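First up is the structure itself, then whatever we jot down about it.
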Amino acid sequence: MIQIKDKRECCGCSACVQKCPKECILMIEDGEGFLYPAVNTDLCVDCGICEKVCPFINISESSVPKSVFAVKNPNEEERMKSSSGGVFISLAKYVISIGGEIFGAVFDECWEVRHVCAETYSVVQNMMGSKYVQSRIENTYIEARQILEQGRVVLFSGTPCQIAGLRKFLGKDYPNLLTVDFVCHGVPSAGVWRRYLREICNEEVVQSARRAAVGKNSVLTSSINAIPVITGIEFRDKTMHGWKKFSFVVRKESVSKADKNTVLLSDIFNKNPFMKGFLANIYLRPSCYACKCKKGNSHSDITIGDFWGIGNTNSDFDDDKGVSAVMVNTSKGEDYFRRLDLETHNCCLSDVVNGNRAYNESAKKHPKRERFYILLNKGYPISKAVEDCLYIPFYLKTFRFGKRCVRKIIKILSV
C-alpha cells in the first residue's frame with residue numbers, strides 16, 4: 001500500500017492511482033498545492049501493485065544518450081511559438097501525419113495545467129511552450145495504453161518522472177510508443193500558481209477602478225469592473241526581448257472588437273514574482289529537491305531542453321530565437337528523429353550539461369521555503385512573500401561582493 005511518510009518520496013505521477021485494480025486511490029491536494037495519493041483502506045486489499053509501479057520506489061538505472069544535437073526548427077513561426085528550438089512540434093506533426101496521437105500538457109479553462117490526448121494539429125499547438133506548473137496527469141496512462149493496444153503510434157511527452165511513471169505503469173516497452181521528456185528544473189505548486197493568477201487579476205481590477213475613479217467623487221469599490229478574462233499565457237515569450245531574455249506574458253480579452261487580445265501583464269523573466277520564486281526553488285515539489293529521475297533515469301526515447309551556452313559552442317548557430325538541446329537516448333528515438341526536417345549540429349553531452357545542470361542535479365531547496373508558505377498563510381501576496389524570501393541584507397551583500405573580489409584577484413595572480 002502506498003503510504004507517503006516523506007513527501008520527497010512522491011513525484012505525483014499518479015501511476016499508482018491508475019494501476020490500482022480496486023480504484024481505491026485518489027490524488028488529494030495538500031496545503032502547499034501539490035497532489036499526493038491517498039488510499040481508501042476500506043477498499044484496499046494490500047496487493048502491492050501500487051508500490052510496484054512507483055518510479056521513486058523502483059528506481060531505474062541511469063543511461064547515456066546515443067547522440068546529442070543542437071537543433072533548430074526551420075519553420076520560424078513554429079520556433080518562435082516554442083520555448084527553445086521547436087523540436088516538440090516537429091515530432092508531434094510527424095506522429096499525427098502517420099495516424100498517431102499525442103499526449104502533452106495544456107492549460108485548461110481555469111488556466112491550470114493538465115495532460116490531454118490530441119490527434120489534430122490545432123490541439124497539439126496548445127501543448128507548445130513551457131508551463132511552469134505541475135500538470136495533472138489524470139487517466140492519461142490508461143488512455144495511452146488503450147491506444148497502444150490498438151496498434152496506433154503514441155507520442156507521450158512529460159517531465160522525466162511522468163515518463164518514468166508511464167513506463168512503470170505499462171510494465172513493458174511498446175514498439176509504437178515514443179516517449180519525450182525534457183531537462184527539468186522542477187515543478188512549482190499548482191496551488192501557488194492558482195493564487196498568483198487570482199492576485200494579478202484582482203490587481204487589474206483595482207487599477208481599472210482607480211483609473212475610472214480619477215476626477216470623480218465616488219467610492220473606489222463602486223467603480224470596480226468585472227474580473228478580466230484571460231485569453232493567453234506564455235511563460236517563455238521570445239517576441240519582445242528574444243530567447244535568452246524571455247518574457248512572462250498574460251493576455252486578456254480586449255474591450256475593442258477590432259483587437260481580440262491585449263496584454264494584462266508582461267515582465268522579463270527575472271523581474272516577474274512568480275518566475276523569480278520558481279527559479280529560486282522556493283515552491284518546487286519536495287521530490288524535486290531529491291529527484292530520482294536525473295541522468296536519463298526516465299529512459300525516455302528523446303530528451304529535449306534549451307541549449308544554453310550554444311554561443312560558446314557554435315556562435316553561428318545562435319540567432320537568439322531559440323536553440324534546442326536534443327539527447328537521443330534509444331534506437332527508436334534515433335529512428336524518429338532522423339525523419340524530421342530540422343537544422344542540426346552534432347554536440348557532446350558535456351556541452352549541454354555545462355549550461356543545464358538540471359540534467360544531472362536536483363534543484364537545491366531554498367532556505368526560506370517554509371517561511372514562504374507561512375507568509376502565504378498569513379495573507380501575504382505572492383510578490384511580497386517572494387520578495388521577503390529573496391531579500392539579502394546589505395552587510396551580507398557586501399560580504400559576498402568581497403568574496404568574489406578576492407577570488408578574482410587570486411585567479412589573476414595564479415595565471
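So you can find residues: chains in the C-alpha cells are A, B, ... in the order shown, residues in each start at 1, and ligands are numbered from 1 in order.
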
Residue contacts of region 297-313 of chain A (7 Å, only C-alpha atoms) excluding same-chain residues fewer than 2 positions away, as a PyMOL selection string
chain A and resi 60-63+70+84+160-161+163-164+178-183+293-295+315+318+323-330+332-333+352+355-356

Show which residues sit within 8 Å of region 261-264 of chain A, as a VMD selection string. Count only C-alpha atoms, and ignore same-chain residues fewer than 5 positions away.
chain A and resid 204 231 249 to 254

Work out how far CA of Phe274 (chain A) is from CA of Tyr196 (chain A), in Å to one decimal.
7.3 Å

Quick one: pick out all helix (DSSP H, G or I) residues within region 62-234 of chain A from a backbone DSSP run and write them as a ChimeraX atom specification.
/A:76-81,87-97,121-127,140-149,160-170,190-213,220-223

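Of the residues listed (A:Glu119, A:Glu234, A:Glu112, A:Glu203), A:Glu112 shows the shortest atom-to-atom separation from Ala190 (chain A); distances use only C-alpha atoms.
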
I need the strand (DSSP E or B) residues of region 50-101 of chain A per DSSP on the backbone, written as a PyMOL selection string.
chain A and resi 67-72+101

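Omitting Tyr336 (chain A) and its sequence neighbours fewer than 5 positions away, and counting only C-alpha atoms, the residues within 9 Å are Leu91, Tyr94, Val95, Leu178 and Ser331 of chain A.
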
Name all residues at most 6 Å from region 129-133 of chain A (count only C-alpha atoms; drop same-chain ones fewer than 4 positions away) and give them as a PDB file with C-alpha atoms, in the first residue's frame.
```pdb
ATOM      1  CA  SER A  82       8.210  27.279 -28.857  1.00  0.00           C
ATOM      2  CA  SER A  83      10.280  27.714 -25.720  1.00  0.00           C
ATOM      3  CA  VAL A 187       7.731  21.719 -10.864  1.00  0.00           C
ATOM      4  CA  PRO A 188       6.071  24.581  -8.961  1.00  0.00           C
ATOM      5  CA  ALA A 190      -0.427  24.357  -8.773  1.00  0.00           C
TER       6      ALA A 190
END
```

Pick out the residues sitting within 12 Å of Ile4 (chain A), and hand them over as a PDB file with all heavy atoms, in the first residue's frame; count only C-alpha atoms, and ignore anything fewer than 2 positions along from it in its own chain.
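So the final result, stored in out_1.pdb, reads:
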```pdb
ATOM      1  N   MET A   1       0.844  -1.198   0.000  1.00  0.00           N
ATOM      2  CA  MET A   1       0.000   0.000   0.000  1.00  0.00           C
ATOM      3  C   MET A   1       0.882   1.251   0.000  1.00  0.00           C
ATOM      4  O   MET A   1       1.833   1.345   0.778  1.00  0.00           O
ATOM      5  CB  MET A   1      -0.893   0.009   1.240  1.00  0.00           C
ATOM      6  CG  MET A   1      -1.827   1.201   1.339  1.00  0.00           C
ATOM      7  SD  MET A   1      -2.600   1.354   2.969  1.00  0.00           S
ATOM      8  CE  MET A   1      -3.362  -0.243   3.175  1.00  0.00           C
ATOM      9  N   ILE A   2       0.565   2.169  -0.884  1.00  0.00           N
ATOM     10  CA  ILE A   2       1.308   3.431  -0.946  1.00  0.00           C
ATOM     11  C   ILE A   2       0.993   4.268   0.293  1.00  0.00           C
ATOM     12  O   ILE A   2      -0.168   4.554   0.583  1.00  0.00           O
ATOM     13  CB  ILE A   2       0.929   4.222  -2.210  1.00  0.00           C
ATOM     14  CG1 ILE A   2       1.568   3.591  -3.446  1.00  0.00           C
ATOM     15  CG2 ILE A   2       1.315   5.680  -2.085  1.00  0.00           C
ATOM     16  CD1 ILE A   2       3.044   3.868  -3.603  1.00  0.00           C
ATOM     17  N   ASP A   6       7.192  10.547   3.736  1.00  0.00           N
ATOM     18  CA  ASP A   6       8.145  11.610   3.410  1.00  0.00           C
ATOM     19  C   ASP A   6       7.773  12.137   2.027  1.00  0.00           C
ATOM     20  O   ASP A   6       7.848  11.405   1.038  1.00  0.00           O
ATOM     21  CB  ASP A   6       9.569  11.047   3.399  1.00  0.00           C
ATOM     22  CG  ASP A   6      10.628  12.124   3.140  1.00  0.00           C
ATOM     23  OD1 ASP A   6      10.261  13.231   2.689  1.00  0.00           O
ATOM     24  OD2 ASP A   6      11.824  11.847   3.366  1.00  0.00           O
ATOM     25  N   LYS A   7       7.359  13.388   1.936  1.00  0.00           N
ATOM     26  CA  LYS A   7       6.871  13.933   0.671  1.00  0.00           C
ATOM     27  C   LYS A   7       7.950  14.034  -0.401  1.00  0.00           C
ATOM     28  O   LYS A   7       7.637  14.186  -1.581  1.00  0.00           O
ATOM     29  CB  LYS A   7       6.206  15.296   0.909  1.00  0.00           C
ATOM     30  CG  LYS A   7       4.885  15.151   1.651  1.00  0.00           C
ATOM     31  CD  LYS A   7       4.142  16.456   1.767  1.00  0.00           C
ATOM     32  CE  LYS A   7       2.765  16.226   2.413  1.00  0.00           C
ATOM     33  NZ  LYS A   7       1.997  17.474   2.558  1.00  0.00           N
ATOM     34  N   ARG A   8       9.197  13.912  -0.005  1.00  0.00           N
ATOM     35  CA  ARG A   8      10.260  13.882  -1.005  1.00  0.00           C
ATOM     36  C   ARG A   8      10.239  12.574  -1.794  1.00  0.00           C
ATOM     37  O   ARG A   8      10.880  12.455  -2.831  1.00  0.00           O
ATOM     38  CB  ARG A   8      11.626  14.035  -0.330  1.00  0.00           C
ATOM     39  CG  ARG A   8      11.871  15.411   0.283  1.00  0.00           C
ATOM     40  CD  ARG A   8      13.181  15.455   1.030  1.00  0.00           C
ATOM     41  NE  ARG A   8      13.193  14.499   2.135  1.00  0.00           N
ATOM     42  CZ  ARG A   8      14.224  14.295   2.941  1.00  0.00           C
ATOM     43  NH1 ARG A   8      15.354  14.972   2.757  1.00  0.00           N
ATOM     44  NH2 ARG A   8      14.149  13.413   3.922  1.00  0.00           N
ATOM     45  N   GLU A   9       9.490  11.580  -1.297  1.00  0.00           N
ATOM     46  CA  GLU A   9       9.455  10.262  -1.931  1.00  0.00           C
ATOM     47  C   GLU A   9       8.278  10.086  -2.887  1.00  0.00           C
ATOM     48  O   GLU A   9       8.001   8.970  -3.323  1.00  0.00           O
ATOM     49  CB  GLU A   9       9.399   9.174  -0.840  1.00  0.00           C
ATOM     50  CG  GLU A   9      10.610   9.136   0.077  1.00  0.00           C
ATOM     51  CD  GLU A   9      11.889   8.829  -0.694  1.00  0.00           C
ATOM     52  OE1 GLU A   9      11.870   7.892  -1.519  1.00  0.00           O
ATOM     53  OE2 GLU A   9      12.902   9.531  -0.481  1.00  0.00           O
ATOM     54  N   CYS A  10       7.580  11.160  -3.221  1.00  0.00           N
ATOM     55  CA  CYS A  10       6.448  11.072  -4.154  1.00  0.00           C
ATOM     56  C   CYS A  10       6.537  12.203  -5.163  1.00  0.00           C
ATOM     57  O   CYS A  10       6.531  13.378  -4.786  1.00  0.00           O
ATOM     58  CB  CYS A  10       5.118  11.149  -3.411  1.00  0.00           C
ATOM     59  SG  CYS A  10       3.674  11.184  -4.521  1.00  0.00           S
ATOM     60  N   CYS A  11       6.588  11.827  -6.455  1.00  0.00           N
ATOM     61  CA  CYS A  11       6.685  12.836  -7.518  1.00  0.00           C
ATOM     62  C   CYS A  11       5.328  13.240  -8.061  1.00  0.00           C
ATOM     63  O   CYS A  11       5.234  14.141  -8.896  1.00  0.00           O
ATOM     64  CB  CYS A  11       7.576  12.327  -8.641  1.00  0.00           C
ATOM     65  SG  CYS A  11       6.951  10.849  -9.464  1.00  0.00           S
ATOM     66  N   GLY A  12       4.248  12.549  -7.631  1.00  0.00           N
ATOM     67  CA  GLY A  12       2.904  12.922  -8.081  1.00  0.00           C
ATOM     68  C   GLY A  12       2.555  12.448  -9.474  1.00  0.00           C
ATOM     69  O   GLY A  12       1.652  12.993 -10.111  1.00  0.00           O
ATOM     70  N   MET A  27      -5.931  11.237  -5.836  1.00  0.00           N
ATOM     71  CA  MET A  27      -4.918  12.272  -5.671  1.00  0.00           C
ATOM     72  C   MET A  27      -5.561  13.448  -4.944  1.00  0.00           C
ATOM     73  O   MET A  27      -6.546  14.021  -5.418  1.00  0.00           O
ATOM     74  CB  MET A  27      -4.368  12.716  -7.025  1.00  0.00           C
ATOM     75  CG  MET A  27      -3.631  11.633  -7.794  1.00  0.00           C
ATOM     76  SD  MET A  27      -2.126  11.046  -6.972  1.00  0.00           S
ATOM     77  CE  MET A  27      -0.976  12.367  -7.338  1.00  0.00           C
ATOM     78  N   ILE A  28      -5.001  13.795  -3.792  1.00  0.00           N
ATOM     79  CA  ILE A  28      -5.545  14.867  -2.941  1.00  0.00           C
ATOM     80  C   ILE A  28      -4.516  15.990  -2.831  1.00  0.00           C
ATOM     81  O   ILE A  28      -3.327  15.733  -2.602  1.00  0.00           O
ATOM     82  CB  ILE A  28      -5.885  14.337  -1.530  1.00  0.00           C
ATOM     83  CG1 ILE A  28      -6.828  13.118  -1.613  1.00  0.00           C
ATOM     84  CG2 ILE A  28      -6.498  15.446  -0.684  1.00  0.00           C
ATOM     85  CD1 ILE A  28      -8.174  13.419  -2.214  1.00  0.00           C
ATOM     86  N   ASP A  30      -2.486  18.913  -1.132  1.00  0.00           N
ATOM     87  CA  ASP A  30      -2.091  19.253   0.243  1.00  0.00           C
ATOM     88  C   ASP A  30      -2.083  20.769   0.430  1.00  0.00           C
ATOM     89  O   ASP A  30      -2.465  21.521  -0.468  1.00  0.00           O
ATOM     90  CB  ASP A  30      -0.735  18.626   0.589  1.00  0.00           C
ATOM     91  CG  ASP A  30       0.447  19.318  -0.093  1.00  0.00           C
ATOM     92  OD1 ASP A  30       0.221  20.148  -1.010  1.00  0.00           O
ATOM     93  OD2 ASP A  30       1.598  19.040   0.280  1.00  0.00           O
ATOM     94  N   LEU A  35      -0.388  17.535  -5.389  1.00  0.00           N
ATOM     95  CA  LEU A  35      -1.228  16.349  -5.305  1.00  0.00           C
ATOM     96  C   LEU A  35      -0.440  15.150  -4.799  1.00  0.00           C
ATOM     97  O   LEU A  35       0.679  14.896  -5.240  1.00  0.00           O
ATOM     98  CB  LEU A  35      -1.827  16.023  -6.683  1.00  0.00           C
ATOM     99  CG  LEU A  35      -2.803  17.044  -7.261  1.00  0.00           C
ATOM    100  CD1 LEU A  35      -3.145  16.685  -8.705  1.00  0.00           C
ATOM    101  CD2 LEU A  35      -4.071  17.116  -6.417  1.00  0.00           C
ATOM    102  N   TYR A  36      -1.075  14.392  -3.866  1.00  0.00           N
ATOM    103  CA  TYR A  36      -0.478  13.171  -3.326  1.00  0.00           C
ATOM    104  C   TYR A  36      -1.533  12.076  -3.280  1.00  0.00           C
ATOM    105  O   TYR A  36      -2.723  12.351  -3.089  1.00  0.00           O
ATOM    106  CB  TYR A  36       0.059  13.410  -1.906  1.00  0.00           C
ATOM    107  CG  TYR A  36       1.271  14.297  -1.865  1.00  0.00           C
ATOM    108  CD1 TYR A  36       1.134  15.684  -1.727  1.00  0.00           C
ATOM    109  CD2 TYR A  36       2.555  13.769  -1.981  1.00  0.00           C
ATOM    110  CE1 TYR A  36       2.242  16.510  -1.702  1.00  0.00           C
ATOM    111  CE2 TYR A  36       3.670  14.595  -1.955  1.00  0.00           C
ATOM    112  CZ  TYR A  36       3.516  15.961  -1.823  1.00  0.00           C
ATOM    113  OH  TYR A  36       4.611  16.776  -1.817  1.00  0.00           O
ATOM    114  N   PRO A  37      -1.116  10.817  -3.452  1.00  0.00           N
ATOM    115  CA  PRO A  37      -2.078   9.712  -3.401  1.00  0.00           C
ATOM    116  C   PRO A  37      -2.572   9.455  -1.979  1.00  0.00           C
ATOM    117  O   PRO A  37      -1.800   9.465  -1.023  1.00  0.00           O
ATOM    118  CB  PRO A  37      -1.282   8.518  -3.932  1.00  0.00           C
ATOM    119  CG  PRO A  37       0.143   8.855  -3.650  1.00  0.00           C
ATOM    120  CD  PRO A  37       0.254  10.344  -3.757  1.00  0.00           C
ATOM    121  N   ALA A  38      -3.882   9.225  -1.872  1.00  0.00           N
ATOM    122  CA  ALA A  38      -4.498   8.862  -0.590  1.00  0.00           C
ATOM    123  C   ALA A  38      -5.287   7.577  -0.802  1.00  0.00           C
ATOM    124  O   ALA A  38      -6.121   7.502  -1.707  1.00  0.00           O
ATOM    125  CB  ALA A  38      -5.414   9.978  -0.105  1.00  0.00           C
ATOM    126  N   VAL A  39      -5.019   6.564   0.031  1.00  0.00           N
ATOM    127  CA  VAL A  39      -5.618   5.241  -0.143  1.00  0.00           C
ATOM    128  C   VAL A  39      -6.852   5.090   0.745  1.00  0.00           C
ATOM    129  O   VAL A  39      -6.819   5.418   1.935  1.00  0.00           O
ATOM    130  CB  VAL A  39      -4.602   4.134   0.202  1.00  0.00           C
ATOM    131  CG1 VAL A  39      -5.235   2.752   0.024  1.00  0.00           C
ATOM    132  CG2 VAL A  39      -3.355   4.266  -0.657  1.00  0.00           C
ATOM    133  N   GLU A  51       2.752  -0.034  -5.243  1.00  0.00           N
ATOM    134  CA  GLU A  51       4.174   0.141  -4.914  1.00  0.00           C
ATOM    135  C   GLU A  51       5.071  -0.329  -6.051  1.00  0.00           C
ATOM    136  O   GLU A  51       6.148   0.223  -6.274  1.00  0.00           O
ATOM    137  CB  GLU A  51       4.500  -0.612  -3.629  1.00  0.00           C
ATOM    138  CG  GLU A  51       3.785  -0.038  -2.404  1.00  0.00           C
ATOM    139  CD  GLU A  51       4.014  -0.870  -1.155  1.00  0.00           C
ATOM    140  OE1 GLU A  51       4.038  -2.112  -1.275  1.00  0.00           O
ATOM    141  OE2 GLU A  51       4.175  -0.281  -0.083  1.00  0.00           O
ATOM    142  N   CYS A  54       5.586   2.453  -8.723  1.00  0.00           N
ATOM    143  CA  CYS A  54       6.097   3.750  -8.278  1.00  0.00           C
ATOM    144  C   CYS A  54       7.529   3.950  -8.770  1.00  0.00           C
ATOM    145  O   CYS A  54       8.418   3.172  -8.408  1.00  0.00           O
ATOM    146  CB  CYS A  54       6.052   3.854  -6.760  1.00  0.00           C
ATOM    147  SG  CYS A  54       6.796   5.389  -6.125  1.00  0.00           S
ATOM    148  N   PHE A  56       9.645   6.102  -7.885  1.00  0.00           N
ATOM    149  CA  PHE A  56      10.542   6.529  -6.820  1.00  0.00           C
ATOM    150  C   PHE A  56      10.884   5.379  -5.871  1.00  0.00           C
ATOM    151  O   PHE A  56      11.871   5.444  -5.144  1.00  0.00           O
ATOM    152  CB  PHE A  56       9.937   7.704  -6.053  1.00  0.00           C
ATOM    153  CG  PHE A  56      10.377   9.049  -6.592  1.00  0.00           C
ATOM    154  CD1 PHE A  56      10.487   9.260  -7.958  1.00  0.00           C
ATOM    155  CD2 PHE A  56      10.679  10.096  -5.744  1.00  0.00           C
ATOM    156  CE1 PHE A  56      10.896  10.480  -8.465  1.00  0.00           C
ATOM    157  CE2 PHE A  56      11.090  11.331  -6.237  1.00  0.00           C
ATOM    158  CZ  PHE A  56      11.202  11.521  -7.603  1.00  0.00           C
ATOM    159  N   ILE A  57      10.053   4.333  -5.854  1.00  0.00           N
ATOM    160  CA  ILE A  57      10.386   3.133  -5.081  1.00  0.00           C
ATOM    161  C   ILE A  57      11.247   2.201  -5.922  1.00  0.00           C
ATOM    162  O   ILE A  57      12.218   1.609  -5.437  1.00  0.00           O
ATOM    163  CB  ILE A  57       9.098   2.403  -4.624  1.00  0.00           C
ATOM    164  CG1 ILE A  57       8.342   3.269  -3.612  1.00  0.00           C
ATOM    165  CG2 ILE A  57       9.439   1.048  -4.008  1.00  0.00           C
ATOM    166  CD1 ILE A  57       7.017   2.673  -3.169  1.00  0.00           C
ATOM    167  N   SER A 287       9.803  16.525  -3.816  1.00  0.00           N
ATOM    168  CA  SER A 287      10.559  15.480  -4.512  1.00  0.00           C
ATOM    169  C   SER A 287      11.555  16.064  -5.506  1.00  0.00           C
ATOM    170  O   SER A 287      12.543  15.397  -5.870  1.00  0.00           O
ATOM    171  CB  SER A 287       9.613  14.521  -5.244  1.00  0.00           C
ATOM    172  OG  SER A 287       8.840  15.221  -6.218  1.00  0.00           O
TER     173      SER A 287
END
```

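Picture a line from CA of Cys288 (chain A) to CA of Lys364 (chain A); it runs 8.5 Å.
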
Nearby residues (only C-alpha atoms) at most 9 Å from Pro381 (chain A), same-chain spacing under 3 positions excluded, as a PDB file with N, CA and C atoms, in the first residue's frame:
```
ATOM      1  N   ARG A 195      -3.179  30.851  -6.997  1.00  0.00           N
ATOM      2  CA  ARG A 195      -3.280  32.062  -6.176  1.00  0.00           C
ATOM      3  C   ARG A 195      -2.658  33.255  -6.891  1.00  0.00           C
ATOM      4  N   TYR A 196      -1.546  33.021  -7.576  1.00  0.00           N
ATOM      5  CA  TYR A 196      -0.890  34.115  -8.293  1.00  0.00           C
ATOM      6  C   TYR A 196      -1.799  34.669  -9.388  1.00  0.00           C
ATOM      7  N   GLU A 199      -4.358  36.876  -7.918  1.00  0.00           N
ATOM      8  CA  GLU A 199      -3.789  38.148  -7.470  1.00  0.00           C
ATOM      9  C   GLU A 199      -3.587  39.125  -8.619  1.00  0.00           C
ATOM     10  N   LEU A 375       4.174  32.802   5.234  1.00  0.00           N
ATOM     11  CA  LEU A 375       3.738  34.137   4.827  1.00  0.00           C
ATOM     12  C   LEU A 375       2.452  34.074   4.005  1.00  0.00           C
ATOM     13  N   LEU A 376       2.349  33.067   3.125  1.00  0.00           N
ATOM     14  CA  LEU A 376       1.114  32.919   2.344  1.00  0.00           C
ATOM     15  C   LEU A 376      -0.080  32.684   3.261  1.00  0.00           C
ATOM     16  N   LYS A 384       4.970  39.718  -2.483  1.00  0.00           N
ATOM     17  CA  LYS A 384       5.583  40.143  -1.225  1.00  0.00           C
ATOM     18  C   LYS A 384       6.279  38.983  -0.523  1.00  0.00           C
ATOM     19  N   ALA A 385       5.672  37.795  -0.590  1.00  0.00           N
ATOM     20  CA  ALA A 385       6.281  36.629   0.048  1.00  0.00           C
ATOM     21  C   ALA A 385       7.585  36.266  -0.646  1.00  0.00           C
ATOM     22  N   VAL A 386       7.606  36.332  -1.980  1.00  0.00           N
ATOM     23  CA  VAL A 386       8.836  36.044  -2.726  1.00  0.00           C
ATOM     24  C   VAL A 386       9.893  37.088  -2.427  1.00  0.00           C
TER      25      VAL A 386
END
```

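Within the 10 Å cut-off around Leu148 (chain A), using only C-alpha atoms and omitting residues fewer than 2 positions from it on the same chain, the listed residues are Gly100, Glu101, Ile142, Glu143, Ala144, Arg145, Gln146, Gln150, Gly151, Arg152, Val153, Val154, Tyr174, Pro175, Asn176 and Leu177 of chain A.
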
Just the selected residues (N, CA and C atoms), exported as a compact mmCIF listing (two decimals), in the first residue's frame, please.
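The result, stored in result-v5.txt:
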```
# COMPACT_ATOMS: atom_id res chain seq x y z
N GLY A 100 -0.91 8.84 -35.64
CA GLY A 100 -0.69 8.66 -34.20
C GLY A 100 -1.39 9.71 -33.36
N GLU A 101 -1.24 9.57 -32.04
CA GLU A 101 -1.83 10.52 -31.10
C GLU A 101 -0.77 11.05 -30.14
N ILE A 142 -3.68 5.34 -18.70
CA ILE A 142 -4.68 4.34 -19.12
C ILE A 142 -5.08 4.59 -20.57
N GLU A 143 -5.32 5.85 -20.91
CA GLU A 143 -5.71 6.20 -22.28
C GLU A 143 -4.60 5.83 -23.26
N ALA A 144 -3.35 6.11 -22.90
CA ALA A 144 -2.23 5.80 -23.78
C ALA A 144 -2.13 4.29 -24.01
N ARG A 145 -2.31 3.52 -22.95
CA ARG A 145 -2.23 2.06 -23.10
C ARG A 145 -3.32 1.55 -24.04
N GLN A 146 -4.51 2.09 -23.93
CA GLN A 146 -5.61 1.66 -24.80
C GLN A 146 -5.29 1.92 -26.27
N GLN A 150 -4.26 -0.78 -29.53
CA GLN A 150 -4.94 -0.76 -30.84
C GLN A 150 -3.93 -0.77 -31.99
N GLY A 151 -2.65 -0.65 -31.64
CA GLY A 151 -1.60 -0.66 -32.66
C GLY A 151 -1.24 0.70 -33.20
N ARG A 152 -1.82 1.77 -32.66
CA ARG A 152 -1.52 3.12 -33.13
C ARG A 152 -0.31 3.69 -32.42
N VAL A 153 0.37 4.60 -33.09
CA VAL A 153 1.55 5.25 -32.52
C VAL A 153 1.13 6.28 -31.48
N VAL A 154 1.85 6.31 -30.36
CA VAL A 154 1.61 7.29 -29.30
C VAL A 154 2.91 8.03 -29.01
N TYR A 174 6.47 -0.77 -25.64
CA TYR A 174 5.65 -0.91 -26.84
C TYR A 174 6.44 -0.35 -28.02
N PRO A 175 6.54 -1.10 -29.12
CA PRO A 175 7.28 -0.58 -30.28
C PRO A 175 6.65 0.67 -30.87
N ASN A 176 5.35 0.88 -30.62
CA ASN A 176 4.64 2.04 -31.17
C ASN A 176 4.52 3.19 -30.16
N LEU A 177 5.32 3.15 -29.09
CA LEU A 177 5.34 4.24 -28.10
C LEU A 177 6.63 5.03 -28.22
```

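Across the structure, CA of Ala118 (chain A) and CA of Pro55 (chain A) are spaced 25.5 Å apart.
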
A:Asp173, A:Asp237, A:Glu343, A:Glu361 ranked by distance to Cys291 (chain A), top pick (using only C-alpha atoms)
A:Glu361
